[in-house]
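What follows is upload-v3.cif (mmCIF, C-alpha atoms).
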data_entry
#
loop_
_atom_site.label_atom_id
_atom_site.label_comp_id
_atom_site.auth_asym_id
_atom_site.auth_seq_id
_atom_site.Cartn_x
_atom_site.Cartn_y
_atom_site.Cartn_z
CA MET A 1 -13.80 -18.35 7.20
CA SER A 2 -11.87 -19.74 4.23
CA ALA A 3 -13.38 -17.40 1.69
CA GLN A 4 -12.95 -14.49 4.10
CA LEU A 5 -9.17 -15.04 4.21
CA LEU A 6 -8.90 -14.22 0.51
CA ASN A 7 -11.56 -11.52 0.55
CA ASP A 8 -9.50 -9.59 3.15
CA MET A 9 -6.71 -9.18 0.58
CA GLY A 10 -8.05 -5.94 -0.89
CA ARG A 11 -6.23 -5.00 -4.10
CA PHE A 12 -4.03 -8.09 -3.65
CA LEU A 13 -6.95 -10.51 -4.11
CA GLU A 14 -6.37 -11.09 -7.82
CA PRO A 15 -2.57 -11.58 -7.61
CA ALA A 16 -3.08 -13.77 -4.52
CA LEU A 17 -5.45 -15.97 -6.49
CA ILE A 18 -2.98 -16.18 -9.37
CA ILE A 19 -0.22 -17.19 -6.93
CA LEU A 20 -2.36 -19.88 -5.31
CA VAL A 21 -3.35 -21.32 -8.68
CA ALA A 22 0.28 -21.29 -9.86
CA LEU A 23 1.41 -23.04 -6.67
CA ALA A 24 -1.36 -25.64 -6.89
CA ASP A 25 0.82 -27.31 -9.50
CA GLY A 26 3.88 -27.46 -7.22
CA PRO A 27 6.40 -25.13 -5.51
CA ARG A 28 7.56 -22.12 -7.50
CA HIS A 29 9.71 -19.07 -6.84
CA GLY A 30 8.65 -15.48 -7.52
CA TYR A 31 9.93 -15.21 -11.07
CA ALA A 32 8.35 -18.54 -12.07
CA ILE A 33 4.99 -17.35 -10.69
CA MET A 34 5.28 -14.04 -12.61
CA ASP A 35 6.29 -15.89 -15.74
CA GLU A 36 3.43 -18.37 -15.52
CA ALA A 37 0.91 -15.60 -14.80
CA GLY A 38 2.07 -13.72 -17.89
CA GLU A 39 2.57 -16.63 -20.27
CA ARG A 40 -0.43 -18.75 -19.35
CA TRP A 41 -3.07 -16.19 -18.35
CA GLY A 42 -1.76 -12.95 -19.85
CA TYR A 43 -1.79 -11.46 -16.35
CA ALA A 44 1.07 -9.02 -15.81
CA VAL A 45 2.02 -8.75 -12.16
CA GLY A 46 5.02 -6.73 -11.01
CA PRO A 47 7.38 -7.81 -8.21
CA GLY A 48 6.09 -5.10 -5.84
CA THR A 49 2.55 -6.45 -6.09
CA LEU A 50 3.68 -10.09 -6.21
CA TYR A 51 5.65 -9.87 -2.97
CA GLY A 52 2.89 -7.86 -1.28
CA ALA A 53 0.53 -10.74 -2.06
CA LEU A 54 3.08 -13.44 -1.15
CA GLY A 55 3.63 -11.85 2.26
CA ARG A 56 -0.10 -11.70 2.97
CA LEU A 57 -0.58 -15.31 1.93
CA GLU A 58 2.30 -16.35 4.19
CA ASP A 59 0.84 -14.41 7.11
CA GLN A 60 -2.47 -16.20 6.63
CA GLY A 61 -0.77 -19.58 6.47
CA LEU A 62 -2.00 -20.27 2.94
CA ILE A 63 1.51 -20.66 1.52
CA GLU A 64 4.89 -21.35 3.08
CA ALA A 65 8.42 -20.44 2.08
CA LEU A 66 10.96 -23.17 1.35
CA PRO A 67 14.75 -22.83 1.77
CA VAL A 68 16.51 -20.50 -0.66
CA ASP A 69 17.91 -22.17 -3.73
CA ASP A 70 20.47 -20.11 -5.68
CA ARG A 71 19.13 -16.72 -4.44
CA ARG A 72 15.58 -17.82 -5.17
CA ARG A 73 13.09 -18.89 -2.58
CA PRO A 74 10.37 -21.27 -3.69
CA TYR A 75 6.93 -21.15 -2.09
CA ARG A 76 4.41 -23.93 -1.77
CA LEU A 77 0.74 -24.21 -0.99
CA THR A 78 -0.19 -25.35 2.53
CA PRO A 79 -3.12 -27.76 3.04
CA GLU A 80 -5.18 -24.78 4.27
CA GLY A 81 -4.19 -22.82 1.17
CA ARG A 82 -5.35 -25.68 -1.02
CA ALA A 83 -8.71 -25.79 0.81
CA VAL A 84 -9.17 -22.02 0.57
CA LEU A 85 -8.30 -22.02 -3.12
CA ARG A 86 -10.72 -24.86 -3.84
CA SER A 87 -13.51 -23.12 -1.94
CA HIS A 88 -12.84 -19.79 -3.68
CA LEU A 89 -12.67 -21.31 -7.16
CA ARG A 90 -15.94 -23.16 -6.58
CA GLY A 91 -17.55 -19.88 -5.57
CA MET A 92 -16.20 -18.25 -8.72
CA ARG A 93 -17.48 -21.13 -10.82
CA ARG A 94 -21.00 -20.65 -9.42
CA ILE A 95 -20.85 -16.92 -10.18
CA ALA A 96 -19.49 -17.56 -13.68
CA ALA A 97 -22.13 -20.22 -14.38
CA HIS A 98 -24.91 -17.89 -13.24
CA GLY A 99 -23.53 -14.97 -15.23
CA LEU A 100 -23.23 -17.04 -18.41
CA ARG A 101 -26.76 -18.42 -17.94
CA VAL A 102 -28.14 -14.92 -17.59
CA LEU A 103 -26.23 -13.72 -20.63
CA ARG A 104 -27.51 -16.59 -22.74
CA ALA A 105 -31.08 -15.91 -21.68
CA THR A 106 -31.00 -12.19 -22.54
CA VAL I 107 15.22 0.11 -10.93
CA ARG I 108 17.02 -2.06 -8.38
CA ARG I 109 17.81 1.10 -6.42
CA LEU I 110 14.09 1.36 -5.63
CA LEU I 111 14.54 -1.60 -3.26
CA ARG I 112 16.29 0.85 -0.92
CA LEU I 113 12.89 2.44 -0.37
CA TYR I 114 11.64 -0.73 1.30
CA PRO I 115 11.86 -1.13 5.08
CA ALA I 116 14.80 -3.06 6.52
CA TRP I 117 12.67 -6.06 7.52
CA TRP I 118 11.45 -6.38 3.91
CA ARG I 119 14.96 -6.18 2.46
CA ARG I 120 16.19 -8.81 4.92
CA ARG I 121 13.32 -11.12 4.08
CA TYR I 122 12.78 -10.60 0.35
CA GLY I 123 15.67 -8.41 -0.86
CA GLU I 124 17.90 -11.11 -2.27
CA GLU I 125 15.18 -13.02 -4.12
CA VAL I 126 13.65 -9.85 -5.57
CA GLU I 127 17.09 -8.69 -6.73
CA ALA I 128 17.55 -12.05 -8.46
CA LEU I 129 14.09 -11.64 -10.00
CA LEU I 130 14.84 -8.12 -11.24
CA GLU I 131 17.88 -9.45 -13.10
CA GLU I 132 15.46 -11.48 -15.24
CA ILE I 133 13.09 -8.71 -16.30
CA GLU I 134 13.39 -5.58 -18.38
CA PRO I 135 13.27 -2.31 -16.44
CA SER I 136 10.32 -0.11 -17.34
CA PRO I 137 8.38 2.82 -15.87
CA ARG I 138 5.55 0.42 -15.06
CA LEU I 139 7.96 -1.79 -13.10
CA ALA I 140 9.29 1.25 -11.23
CA VAL I 141 5.77 2.34 -10.28
CA ASP I 142 4.94 -1.19 -9.12
CA LEU I 143 8.06 -1.35 -6.95
CA PHE I 144 7.31 2.07 -5.50
CA ARG I 145 3.74 1.04 -4.63
CA GLY I 146 5.13 -2.15 -3.11
CA ALA I 147 7.49 -0.09 -0.92
CA VAL I 148 4.64 2.10 0.33
CA ASP I 149 2.61 -1.03 1.08
CA ALA I 150 5.53 -2.66 2.93
CA TRP I 151 5.85 0.39 5.21
CA ILE I 152 2.11 0.56 5.91
CA HIS I 153 1.48 -3.17 6.18
CA PRO I 154 4.48 -4.93 7.76
CA ARG I 155 4.27 -8.71 7.67
CA ARG I 156 3.55 -10.58 10.89
CA GLU I 157 7.08 -12.03 10.98
CA ALA I 158 8.55 -8.54 10.53
CA ARG I 159 6.43 -7.06 13.30
CA MET I 160 7.84 -9.61 15.71
CA THR I 161 11.46 -9.41 14.65
CA GLU I 162 11.98 -5.82 13.53
CA PRO I 163 14.93 -4.48 15.50
CA TYR I 164 15.05 -0.99 16.88
CA ARG I 165 16.91 1.53 14.80
CA ARG I 166 20.60 1.56 15.50
CA VAL I 167 21.27 5.19 16.24
CA PRO I 168 24.75 6.05 17.52
CA ALA I 169 24.71 8.14 20.68
CA LEU I 170 27.78 10.20 19.73
CA PRO I 171 25.99 12.77 17.46
CA ALA I 172 23.50 13.46 20.25
CA TYR I 173 26.32 13.97 22.76
CA LEU I 174 28.08 16.32 20.32
CA ALA I 175 24.85 18.26 19.77
CA LEU I 176 24.56 18.73 23.53
CA LEU I 177 28.12 20.01 24.04
CA ALA I 178 27.53 23.67 23.14
CA PRO I 179 24.22 24.06 25.05
CA MET I 180 25.73 22.33 28.12
CA LEU I 181 28.75 24.62 27.97
CA PHE I 182 26.47 27.64 27.62
CA LEU I 183 24.44 26.60 30.65
CA LEU I 184 27.56 25.90 32.66
CA THR I 185 29.09 29.32 31.91
CA VAL I 186 25.77 31.03 32.72
CA LEU I 187 25.56 29.21 36.07
CA LEU I 188 29.17 30.09 36.82
CA LYS I 189 28.62 33.76 36.08
CA TYR I 190 25.16 34.37 37.55
CA GLY I 191 25.10 31.62 40.18
CA LEU I 192 28.62 31.52 41.52
CA GLY I 193 29.92 34.92 40.46
CA VAL I 194 32.63 33.59 38.13
CA PRO I 195 32.14 35.64 34.95
CA GLY I 196 35.37 34.69 33.14
CA PRO I 197 34.24 31.68 31.04
CA PHE I 198 30.96 33.32 30.00
CA ASP I 199 32.52 36.64 29.15
CA ARG I 200 35.23 35.03 27.05
CA LEU I 201 32.59 33.26 24.98
CA GLU I 202 29.98 36.03 25.04
CA GLY I 203 30.68 37.01 21.44
CA PHE I 204 29.87 33.49 20.30
CA TRP I 205 26.81 33.04 22.56
CA THR I 206 25.22 36.23 21.25
CA SER I 207 25.99 35.52 17.58
CA VAL I 208 23.40 33.98 15.27
CA VAL I 209 25.47 30.80 14.98
CA GLY I 210 25.90 30.57 18.74
CA GLU I 211 22.19 31.00 19.40
CA ALA I 212 21.32 28.47 16.71
CA VAL I 213 23.77 25.87 18.06
CA VAL I 214 22.58 26.33 21.64
CA LEU I 215 18.89 26.11 20.73
CA ALA I 216 19.06 23.47 18.00
CA GLY I 217 21.41 21.18 19.96
CA PRO I 218 18.87 19.90 22.49
CA VAL I 219 16.19 19.57 19.78
CA LEU I 220 18.53 17.49 17.62
CA ALA I 221 19.66 15.36 20.57
CA LEU I 222 16.04 14.81 21.60
CA ALA I 223 15.10 13.72 18.08
CA LEU I 224 18.06 11.31 17.87
CA SER I 225 17.26 9.83 21.29
CA ALA I 226 13.60 9.43 20.35
CA LEU I 227 14.59 7.65 17.12
CA ALA I 228 16.62 5.12 19.12
CA ILE I 229 14.12 4.66 21.95
CA VAL I 230 10.71 4.77 20.28
CA ARG I 231 9.46 2.33 17.71
CA VAL I 232 6.10 2.77 16.00
CA ASP I 233 4.51 -0.09 14.09
CA LEU I 234 1.56 0.71 11.89
CA ARG I 235 -0.58 -1.95 10.31
CA ARG I 236 -3.99 -2.21 8.79
CA GLU I 237 -6.50 -4.44 10.50
CA GLU I 238 -9.75 -4.79 8.55
CA ALA I 239 -10.80 -1.18 7.92
CA SER I 240 -8.67 0.41 10.65
CA LEU I 241 -5.10 1.58 10.92
CA VAL I 242 -3.64 0.18 14.13
CA GLY I 243 -0.49 1.51 15.73
CA ARG I 244 1.74 0.01 18.38
CA LEU I 245 4.18 2.14 20.31
CA SER I 246 7.16 0.34 21.85
CA LEU I 247 9.94 1.84 23.93
CA ARG I 248 13.39 0.43 24.50
CA PHE I 249 15.61 2.29 26.88
CA SER I 250 19.38 2.00 26.70
CA ALA I 251 21.53 3.89 29.19
CA ARG I 252 23.38 6.04 26.63
CA HIS I 253 20.21 7.17 24.82
CA LEU I 254 18.41 7.69 28.10
CA VAL I 255 21.17 10.07 29.20
CA THR I 256 20.87 12.14 26.00
CA LEU I 257 17.05 12.10 26.29
CA VAL I 258 17.09 13.37 29.88
CA LEU I 259 19.80 15.96 29.19
CA SER I 260 18.12 17.32 26.07
CA LEU I 261 14.72 17.51 27.80
CA ALA I 262 16.27 19.23 30.84
CA LEU I 263 18.03 21.76 28.60
CA LEU I 264 14.91 22.46 26.57
CA VAL I 265 12.80 22.96 29.70
CA THR I 266 15.47 25.24 31.17
CA PHE I 267 15.66 27.35 28.02
CA VAL I 268 11.87 27.58 27.68
CA VAL I 269 11.42 28.53 31.34
CA TYR I 270 14.18 31.14 31.00
CA PHE I 271 12.65 32.54 27.80
CA VAL I 272 9.16 32.74 29.33
CA SER I 273 10.37 34.33 32.58
CA GLU I 274 12.58 36.86 30.79
CA ASN I 275 10.27 37.84 27.93
CA LEU I 276 6.70 37.12 28.91
CA LEU I 277 6.59 37.48 32.69
CA ALA I 278 9.07 40.34 33.09
#
Same coordinates, now as structure tokens:
Amino acid sequence: MSAQLLNDMGRFLEPALIILVALADGPRHGYAIMDEAGERWGYAVGPGTLYGALGRLEDQGLIEALPVDDRRRPYRLTPEGRAVLRSHLRGMRRIAAHGLRVLRAT
Amino acid sequence: VRRLLRLYPAWWRRRYGEEVEALLEEIEPSPRLAVDLFRGAVDAWIHPRREARMTEPYRRVPALPAYLALLAPMLFLLTVLLKYGLGVPGPFDRLEGFWTSVVGEAVVLAGPVLALALSALAIVRVDLRREEASLVGRLSLRFSARHLVTLVLSLALLVTFVVYFVSENLLA
């Protein structure tokens, strides 16, 4: 169920994951998420894609919007969002570990 | 680039417009940004958010343009009924030059079509959203007295004109 929520995101899966990871550290507004994605991970995400992913995450109850502060609305991770992110990252870690093992062996 | 936000649906602009405008003030405009915003607009139309689907108002379409569009066809029908139904040819004959002109014919025929389209815009709402691998549509209707009047009048006029055309040209 948890993993399925993210897998249903289609082309928004990667930006959704970036958003969840950025919000794991605390509430952030759209520009701060874009900035962190670019600065920390070199992942360029435009506002059209970012807000497409934010809306989907909100619909699924994985993040929630906080009151607007100076024309900017921060978002934060919900407990379900935290659980889904943890589950997804663990799955990715297993895939990465297997892939690296295979690469080392060949 | 900020003008591209006008391409987004009203629910999106109400919900995200202000914060995205603030965000756009922080970043350099570029073709890549424009393409991203355009793709976002297409996505927002195809995949409305759950909140938007529940709160999206019907389009506010004024009834006056539809009433104006119906004036000439109603007048035409009235003068025809007076002449051929009640034997009062005066009004029709005085306007015959206009009714038989290209402009007159266009106004009489296009009026009900335009009024019907305006009424439909105000009455019908279609929500499209993607669910898993399917595109799901929901058709909602909201009837208001003034748009219902223009809908009924335009449909009645169109049916009358079509029946008249068929009986005069195809059945004669």
Would you write out, as JSON lines, a table of all residues in chain I that have an atom no more than 8 Å from an atom of chain A, listing for each the closest atom pair and the distance in Å to one decimal, considering all atoms listed in the file and ordering rows by chain and rising residue number?
{"residue": "I:Tyr122", "atom": "CA", "partner": "A:Tyr51", "partner_atom": "CA", "distance": 7.9}
{"residue": "I:Glu124", "atom": "CA", "partner": "A:Arg71", "partner_atom": "CA", "distance": 6.1}
{"residue": "I:Glu125", "atom": "CA", "partner": "A:Arg72", "partner_atom": "CA", "distance": 4.9}
{"residue": "I:Val126", "atom": "CA", "partner": "A:Pro47", "partner_atom": "CA", "distance": 7.1}
{"residue": "I:Ala128", "atom": "CA", "partner": "A:Arg71", "partner_atom": "CA", "distance": 6.4}
{"residue": "I:Leu129", "atom": "CA", "partner": "A:Tyr31", "partner_atom": "CA", "distance": 5.6}
{"residue": "I:Glu132", "atom": "CA", "partner": "A:Tyr31", "partner_atom": "CA", "distance": 7.9}
{"residue": "I:Leu139", "atom": "CA", "partner": "A:Gly46", "partner_atom": "CA", "distance": 6.1}
{"residue": "I:Asp142", "atom": "CA", "partner": "A:Gly48", "partner_atom": "CA", "distance": 5.2}
{"residue": "I:Leu143", "atom": "CA", "partner": "A:Gly48", "partner_atom": "CA", "distance": 4.4}
{"residue": "I:Phe144", "atom": "CA", "partner": "A:Gly48", "partner_atom": "CA", "distance": 7.3}
{"residue": "I:Arg145", "atom": "CA", "partner": "A:Gly48", "partner_atom": "CA", "distance": 6.7}
{"residue": "I:Gly146", "atom": "CA", "partner": "A:Gly48", "partner_atom": "CA", "distance": 4.1}
{"residue": "I:Ala147", "atom": "CA", "partner": "A:Gly48", "partner_atom": "CA", "distance": 7.2}
{"residue": "I:Asp149", "atom": "CA", "partner": "A:Gly52", "partner_atom": "CA", "distance": 7.2}
{"residue": "I:Ala150", "atom": "CA", "partner": "A:Gly52", "partner_atom": "CA", "distance": 7.2}
{"residue": "I:Arg155", "atom": "CA", "partner": "A:Gly55", "partner_atom": "CA", "distance": 6.3}
{"residue": "I:Arg156", "atom": "CA", "partner": "A:Asp59", "partner_atom": "CA", "distance": 6.0}
{"residue": "I:Glu157", "atom": "CA", "partner": "A:Asp59", "partner_atom": "CA", "distance": 7.7}
{"residue": "I:Glu238", "atom": "CA", "partner": "A:Asp8", "partner_atom": "CA", "distance": 7.2}
| Coordinates-based distance that separates atom CA of Arg28 of chain A from atom CA of Arg119 of chain I (Å, one decimal) |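 Taking atom CA of Arg119 of chain I as the start and atom CA of Arg28 of chain A as the end point, the length is 20.2 Å.
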| message | For a test of reading the model, state the distance in Å between atom CA of Leu184 of chain I and atom CA of Val214 of chain I, rounded to one decimal. | response |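 Those two atoms sit 12.1 Å apart.
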| said: I want to know what sits within 9 Å of Leu85 of chain A, based on all atoms listed in the file, with residues of the same chain fewer than 5 positions away left out; could you give that as an MDAnalysis selection string? | reply: chainID A and resid 2:3 6 17 20:21 24 62 80 90
Write the residues you've just listed into a file as a PDB file, keeping the file's coordinate frame, and include C-alpha atoms for each of them.
ATOM      1  CA  SER A   2     -11.870 -19.740   4.230  1.00  0.00           C
ATOM      2  CA  ALA A   3     -13.380 -17.400   1.690  1.00  0.00           C
ATOM      3  CA  LEU A   6      -8.900 -14.220   0.510  1.00  0.00           C
ATOM      4  CA  LEU A  17      -5.450 -15.970  -6.490  1.00  0.00           C
ATOM      5  CA  LEU A  20      -2.360 -19.880  -5.310  1.00  0.00           C
ATOM      6  CA  VAL A  21      -3.350 -21.320  -8.680  1.00  0.00           C
ATOM      7  CA  ALA A  24      -1.360 -25.640  -6.890  1.00  0.00           C
ATOM      8  CA  LEU A  62      -2.000 -20.270   2.940  1.00  0.00           C
ATOM      9  CA  GLU A  80      -5.180 -24.780   4.270  1.00  0.00           C
ATOM     10  CA  ARG A  90     -15.940 -23.160  -6.580  1.00  0.00           C
TER      11      ARG A  90
END
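With atom CA of Arg252 of chain I on one side and atom CA of Ser225 of chain I on the other, the separation reads 9.0 Å.
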How would you write, as a PDB file with C-alpha atoms, in the coordinates of the input, the residues chosen by the PyMOL selection byres ((chain I and resi 224) around 9) on this structure?
ATOM      1  CA  VAL I 167      21.270   5.190  16.240  1.00  0.00           C
ATOM      2  CA  PRO I 168      24.750   6.050  17.520  1.00  0.00           C
ATOM      3  CA  ALA I 169      24.710   8.140  20.680  1.00  0.00           C
ATOM      4  CA  PRO I 171      25.990  12.770  17.460  1.00  0.00           C
ATOM      5  CA  ALA I 172      23.500  13.460  20.250  1.00  0.00           C
ATOM      6  CA  VAL I 219      16.190  19.570  19.780  1.00  0.00           C
ATOM      7  CA  LEU I 220      18.530  17.490  17.620  1.00  0.00           C
ATOM      8  CA  ALA I 221      19.660  15.360  20.570  1.00  0.00           C
ATOM      9  CA  LEU I 222      16.040  14.810  21.600  1.00  0.00           C
ATOM     10  CA  ALA I 223      15.100  13.720  18.080  1.00  0.00           C
ATOM     11  CA  SER I 225      17.260   9.830  21.290  1.00  0.00           C
ATOM     12  CA  ALA I 226      13.600   9.430  20.350  1.00  0.00           C
ATOM     13  CA  LEU I 227      14.590   7.650  17.120  1.00  0.00           C
ATOM     14  CA  ALA I 228      16.620   5.120  19.120  1.00  0.00           C
ATOM     15  CA  ILE I 229      14.120   4.660  21.950  1.00  0.00           C
ATOM     16  CA  HIS I 253      20.210   7.170  24.820  1.00  0.00           C
ATOM     17  CA  THR I 256      20.870  12.140  26.000  1.00  0.00           C
ATOM     18  CA  LEU I 257      17.050  12.100  26.290  1.00  0.00           C
TER      19      LEU I 257
END
I'd like to see the residues matched by the PyMOL selection byres ((chain A and resi 64) around 7) on this file, and ideally I'd get them as a compact mmCIF listing (two decimals) with C-alpha atoms, in the coordinates of the input.
# COMPACT_ATOMS: atom_id res chain seq x y z
CA GLU A 58 2.30 -16.35 4.19
CA GLY A 61 -0.77 -19.58 6.47
CA LEU A 62 -2.00 -20.27 2.94
CA ILE A 63 1.51 -20.66 1.52
CA ALA A 65 8.42 -20.44 2.08
CA LEU A 66 10.96 -23.17 1.35
CA TYR A 75 6.93 -21.15 -2.09
CA ARG A 76 4.41 -23.93 -1.77
CA LEU A 77 0.74 -24.21 -0.99
CA THR A 78 -0.19 -25.35 2.53
| message | Restricting the calculation to only C-alpha atoms: of I:Ala140, I:Val242, I:Val208, I:Val272, which residue gets closest to His153 of chain I? | response |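 Looking at the shortest contact to His153 of chain I, the residue is I:Val242.
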